[in-house]
Structures are given as structure tokens and as C-alpha cells.
2 protein chains.
Amino acid sequence: MKAIVTVNLKNGVLDPQGKAIAHTLVDIGYPEVQGARQGKVIELDLADGTPKEKIEEMCDKLLANPVIESYSIEVA
Amino acid sequence: MKAIVTVNLKNGVLDPQGKAIAHTLVDIGYPEVQGARQGKVIELDLADGTPKEKIEEMCDKLLANPVIESYSIEVA
């Protein structure tokens, strides 16, 4: 089975990488860009039947920093 | 309007970061992990009515490296 984990910075946490993306897009000719935030997406290949709680544990322990990041899990 | 751009390495392109994640998860007690691949997700804040073609252009020019990465766009 596959699980897609999306990790984003929490609202209010400064995101310099996202800011750089937004500024650069405006600079190269896309004034319609008002902002950008960057996160990461991790596609996990898991043994069939892995419970979602296990994936949440992995997020809390390794994949995300719960202090500044939030995550969502999509089991495919 | 918002657009979510997901950028992943193409199949066959080596992903050392994903490998490191998979190995570490196994090491810390999750043998059900068989593999992992890491990509990035960019949430764009755009002026209303920005056409999808414009977003594709941004991906080709800045957000993704079309040689080794593929992307998908989701307009929300």
C-alpha cells in the first residue's frame, strides 16, 4: 500500500523559501502571484494493512517537526 | 485563488533523501516501510482567474526541473 504524507509549515511560521519563490515568480513576469508557501510530500511504500496510527507515529517521530509543522496523511 | 503544485522526482531518478527516510524509519522500528520518495509541494496564492496554462509556465520556468522532475497542479 501507499501513503502520501504532506508536511507544511504551520500558519504564522516564517517561510523564507516560500517568500523567495513568490518574489522570484513576480520578478520573472508573473505579477498575479501574491504569495507562496513550500512544504514537502513524502510517498511511503508500506506493507499492506499498516494502520494509519502507525503512519501518524512515523510523522511525529521523524517526518514532521510537530512544533512548527503540520501534516496530513492520505492512504492510497 | 489557490493552486497546489506537487513536484516529484521522475521514476528512475535516484532519490537519496527518500532512501534516507526509508532506512531511518526501518531503523527506528518500522519494518513495514518498504520505500519512500520525497517531493515538494508549493501552495501558490494567485490573483483570481489565473489560467492553468500560466501555472504550468511557472512550473516549467521555476518550480520544477522538467529534466528530472514531474509536477501536477491542483487548483483549489
# chains A, B, ... in the order shown; residues from 1 in each chain; ligands from 1
>>> closest_atom_pairs(of="chain A", to="chain B", cutoff="6 Å", atoms="only C-alpha atoms", output="tab-separated table")
residue	atom	partner	partner_atom	distance
A:Glu32	CA	B:Ala47	CA	4.9
A:Val33	CA	B:Leu46	CA	4.7
A:Gln34	CA	B:Asp45	CA	5.2
A:Gly35	CA	B:Asp45	CA	4.9
A:Ala36	CA	B:Leu44	CA	4.5
A:Arg37	CA	B:Glu43	CA	5.2
A:Gln38	CA	B:Ile42	CA	4.5
A:Gly39	CA	B:Val41	CA	5.1
A:Lys40	CA	B:Lys40	CA	4.1
A:Val41	CA	B:Gly39	CA	5.0
A:Ile42	CA	B:Gln38	CA	4.5
A:Glu43	CA	B:Arg37	CA	5.2
A:Leu44	CA	B:Ala36	CA	4.5
A:Asp45	CA	B:Gly35	CA	4.9
A:Leu46	CA	B:Val33	CA	4.7
A:Ala47	CA	B:Glu32	CA	4.9
>>> select_by_dssp(residues="chain B", states="alpha helix (DSSP H)", output="MDAnalysis selection string")
chainID B and resid 16:27 52:58
>>> write_last_selection(atoms="N, CA and C atoms", output="short mmCIF file (atom, residue, chain, number, x, y, z; two decimals), in the first residue's frame")
data_model
loop_
_atom_site.label_atom_id
_atom_site.label_comp_id
_atom_site.auth_asym_id
_atom_site.auth_seq_id
_atom_site.Cartn_x
_atom_site.Cartn_y
_atom_site.Cartn_z
N PRO B 16 18.13 10.10 -3.00
CA PRO B 16 18.85 9.76 -1.77
C PRO B 16 18.10 10.19 -0.51
N GLN B 17 17.39 11.32 -0.59
CA GLN B 17 16.67 11.80 0.57
C GLN B 17 15.55 10.81 0.95
N GLY B 18 14.83 10.33 -0.08
CA GLY B 18 13.79 9.34 0.17
C GLY B 18 14.37 8.06 0.75
N LYS B 19 15.51 7.64 0.22
CA LYS B 19 16.17 6.43 0.72
C LYS B 19 16.54 6.59 2.18
N ALA B 20 17.07 7.76 2.53
CA ALA B 20 17.47 8.02 3.92
C ALA B 20 16.25 7.94 4.84
N ILE B 21 15.12 8.50 4.39
CA ILE B 21 13.90 8.44 5.19
C ILE B 21 13.47 6.99 5.40
N ALA B 22 13.45 6.20 4.32
CA ALA B 22 13.01 4.81 4.43
C ALA B 22 13.92 4.03 5.37
N HIS B 23 15.24 4.18 5.21
CA HIS B 23 16.17 3.45 6.08
C HIS B 23 16.00 3.84 7.53
N THR B 24 15.85 5.14 7.77
CA THR B 24 15.73 5.59 9.15
C THR B 24 14.45 5.07 9.78
N LEU B 25 13.35 5.09 9.01
CA LEU B 25 12.09 4.57 9.57
C LEU B 25 12.23 3.09 9.95
N VAL B 26 12.89 2.31 9.10
CA VAL B 26 13.10 0.90 9.44
C VAL B 26 13.96 0.81 10.70
N ASP B 27 15.01 1.63 10.76
CA ASP B 27 15.93 1.58 11.90
C ASP B 27 15.25 1.92 13.22
N LYS B 52 -4.75 28.01 -15.88
CA LYS B 52 -3.87 26.90 -15.53
C LYS B 52 -2.60 26.92 -16.37
N GLU B 53 -2.72 27.41 -17.62
CA GLU B 53 -1.55 27.46 -18.51
C GLU B 53 -0.45 28.33 -17.92
N LYS B 54 -0.86 29.42 -17.25
CA LYS B 54 0.12 30.30 -16.60
C LYS B 54 0.86 29.54 -15.50
N ILE B 55 0.10 28.74 -14.75
CA ILE B 55 0.72 28.00 -13.65
C ILE B 55 1.69 26.95 -14.21
N GLU B 56 1.29 26.33 -15.32
CA GLU B 56 2.20 25.36 -15.95
C GLU B 56 3.49 26.03 -16.39
N GLU B 57 3.36 27.23 -16.94
CA GLU B 57 4.54 28.00 -17.34
C GLU B 57 5.47 28.25 -16.14
N MET B 58 4.86 28.64 -15.01
CA MET B 58 5.67 28.88 -13.80
C MET B 58 6.42 27.62 -13.39
#
>>> residues_around(residues="B:Glu69", least_positions_apart="4", cutoff="9 Å", atoms="only C-alpha atoms", output="PyMOL selection string")
chain B and resi 7-11+13+64-65
>>> select_by_dssp(residues="stretch 12-60 of chain B", states="strand (DSSP E)", output="MDAnalysis selection string")
chainID B and resid 33:46
>>> decode(residues="chain B", atoms="C-alpha atoms", output="PDB file, in the first residue's frame")
ATOM      1  CA  MET B   1      -7.436  31.637  -5.676  1.00  0.00           C
ATOM      2  CA  LYS B   2      -5.064  28.960  -4.553  1.00  0.00           C
ATOM      3  CA  ALA B   3      -3.118  26.413  -6.558  1.00  0.00           C
ATOM      4  CA  ILE B   4      -1.253  23.454  -5.129  1.00  0.00           C
ATOM      5  CA  VAL B   5       1.750  22.368  -7.170  1.00  0.00           C
ATOM      6  CA  THR B   6       3.253  18.995  -6.312  1.00  0.00           C
ATOM      7  CA  VAL B   7       6.737  18.317  -7.671  1.00  0.00           C
ATOM      8  CA  ASN B   8       8.145  14.792  -7.613  1.00  0.00           C
ATOM      9  CA  LEU B   9      11.273  13.220  -8.956  1.00  0.00           C
ATOM     10  CA  LYS B  10      10.551  11.177 -12.074  1.00  0.00           C
ATOM     11  CA  ASN B  11      10.595   7.413 -11.762  1.00  0.00           C
ATOM     12  CA  GLY B  12      14.088   6.114 -12.218  1.00  0.00           C
ATOM     13  CA  VAL B  13      15.735   9.245 -10.851  1.00  0.00           C
ATOM     14  CA  LEU B  14      17.759   8.414  -7.743  1.00  0.00           C
ATOM     15  CA  ASP B  15      16.261   9.898  -4.581  1.00  0.00           C
ATOM     16  CA  PRO B  16      18.849   9.759  -1.770  1.00  0.00           C
ATOM     17  CA  GLN B  17      16.666  11.798   0.574  1.00  0.00           C
ATOM     18  CA  GLY B  18      13.786   9.343   0.169  1.00  0.00           C
ATOM     19  CA  LYS B  19      16.168   6.426   0.722  1.00  0.00           C
ATOM     20  CA  ALA B  20      17.468   8.018   3.922  1.00  0.00           C
ATOM     21  CA  ILE B  21      13.898   8.443   5.192  1.00  0.00           C
ATOM     22  CA  ALA B  22      13.010   4.812   4.428  1.00  0.00           C
ATOM     23  CA  HIS B  23      16.166   3.447   6.080  1.00  0.00           C
ATOM     24  CA  THR B  24      15.733   5.593   9.154  1.00  0.00           C
ATOM     25  CA  LEU B  25      12.087   4.569   9.566  1.00  0.00           C
ATOM     26  CA  VAL B  26      13.103   0.905   9.442  1.00  0.00           C
ATOM     27  CA  ASP B  27      15.933   1.584  11.901  1.00  0.00           C
ATOM     28  CA  ILE B  28      13.685   3.273  14.464  1.00  0.00           C
ATOM     29  CA  GLY B  29      11.249   0.384  14.490  1.00  0.00           C
ATOM     30  CA  TYR B  30       9.010   0.443  11.422  1.00  0.00           C
ATOM     31  CA  PRO B  31       9.945  -2.604   9.355  1.00  0.00           C
ATOM     32  CA  GLU B  32       6.706  -2.205   7.350  1.00  0.00           C
ATOM     33  CA  VAL B  33       8.325   0.646   5.419  1.00  0.00           C
ATOM     34  CA  GLN B  34       9.490  -0.654   2.050  1.00  0.00           C
ATOM     35  CA  GLY B  35      10.493   2.581   0.435  1.00  0.00           C
ATOM     36  CA  ALA B  36       9.974   6.319   0.368  1.00  0.00           C
ATOM     37  CA  ARG B  37      10.287   9.123  -2.110  1.00  0.00           C
ATOM     38  CA  GLN B  38      10.350  12.782  -1.218  1.00  0.00           C
ATOM     39  CA  GLY B  39       8.996  15.634  -3.268  1.00  0.00           C
ATOM     40  CA  LYS B  40       7.892  19.150  -2.595  1.00  0.00           C
ATOM     41  CA  VAL B  41       4.568  20.879  -2.528  1.00  0.00           C
ATOM     42  CA  ILE B  42       4.141  24.574  -3.267  1.00  0.00           C
ATOM     43  CA  GLU B  43       0.960  26.389  -2.339  1.00  0.00           C
ATOM     44  CA  LEU B  44       0.522  29.439  -4.559  1.00  0.00           C
ATOM     45  CA  ASP B  45      -1.708  32.381  -3.726  1.00  0.00           C
ATOM     46  CA  LEU B  46      -2.810  33.754  -7.083  1.00  0.00           C
ATOM     47  CA  ALA B  47      -4.988  36.537  -8.424  1.00  0.00           C
ATOM     48  CA  ASP B  48      -8.464  35.192  -9.202  1.00  0.00           C
ATOM     49  CA  GLY B  49      -8.857  33.880 -12.715  1.00  0.00           C
ATOM     50  CA  THR B  50      -5.221  32.961 -13.328  1.00  0.00           C
ATOM     51  CA  PRO B  51      -5.382  30.331 -16.091  1.00  0.00           C
ATOM     52  CA  LYS B  52      -3.871  26.903 -15.525  1.00  0.00           C
ATOM     53  CA  GLU B  53      -1.554  27.458 -18.510  1.00  0.00           C
ATOM     54  CA  LYS B  54       0.119  30.302 -16.603  1.00  0.00           C
ATOM     55  CA  ILE B  55       0.722  27.996 -13.646  1.00  0.00           C
ATOM     56  CA  GLU B  56       2.195  25.360 -15.955  1.00  0.00           C
ATOM     57  CA  GLU B  57       4.544  28.004 -17.340  1.00  0.00           C
ATOM     58  CA  MET B  58       5.674  28.880 -13.797  1.00  0.00           C
ATOM     59  CA  CYS B  59       6.364  25.205 -13.137  1.00  0.00           C
ATOM     60  CA  ASP B  60       8.431  24.819 -16.288  1.00  0.00           C
ATOM     61  CA  LYS B  61      10.370  28.013 -15.683  1.00  0.00           C
ATOM     62  CA  LEU B  62      10.983  27.956 -11.948  1.00  0.00           C
ATOM     63  CA  LEU B  63       9.174  25.466  -9.751  1.00  0.00           C
ATOM     64  CA  ALA B  64      10.287  22.188 -11.305  1.00  0.00           C
ATOM     65  CA  ASN B  65      13.249  20.936 -13.261  1.00  0.00           C
ATOM     66  CA  PRO B  66      11.497  19.222 -16.197  1.00  0.00           C
ATOM     67  CA  VAL B  67      14.557  17.075 -16.891  1.00  0.00           C
ATOM     68  CA  ILE B  68      14.296  15.102 -13.665  1.00  0.00           C
ATOM     69  CA  GLU B  69      11.029  16.196 -12.073  1.00  0.00           C
ATOM     70  CA  SER B  70       7.356  15.884 -12.920  1.00  0.00           C
ATOM     71  CA  TYR B  71       4.649  18.083 -11.461  1.00  0.00           C
ATOM     72  CA  SER B  72       0.920  18.154 -11.002  1.00  0.00           C
ATOM     73  CA  ILE B  73      -1.288  21.175 -10.467  1.00  0.00           C
ATOM     74  CA  GLU B  74      -4.441  21.240  -8.400  1.00  0.00           C
ATOM     75  CA  VAL B  75      -6.486  24.439  -8.485  1.00  0.00           C
ATOM     76  CA  ALA B  76      -8.490  24.980  -5.302  1.00  0.00           C
TER      77      ALA B  76
END
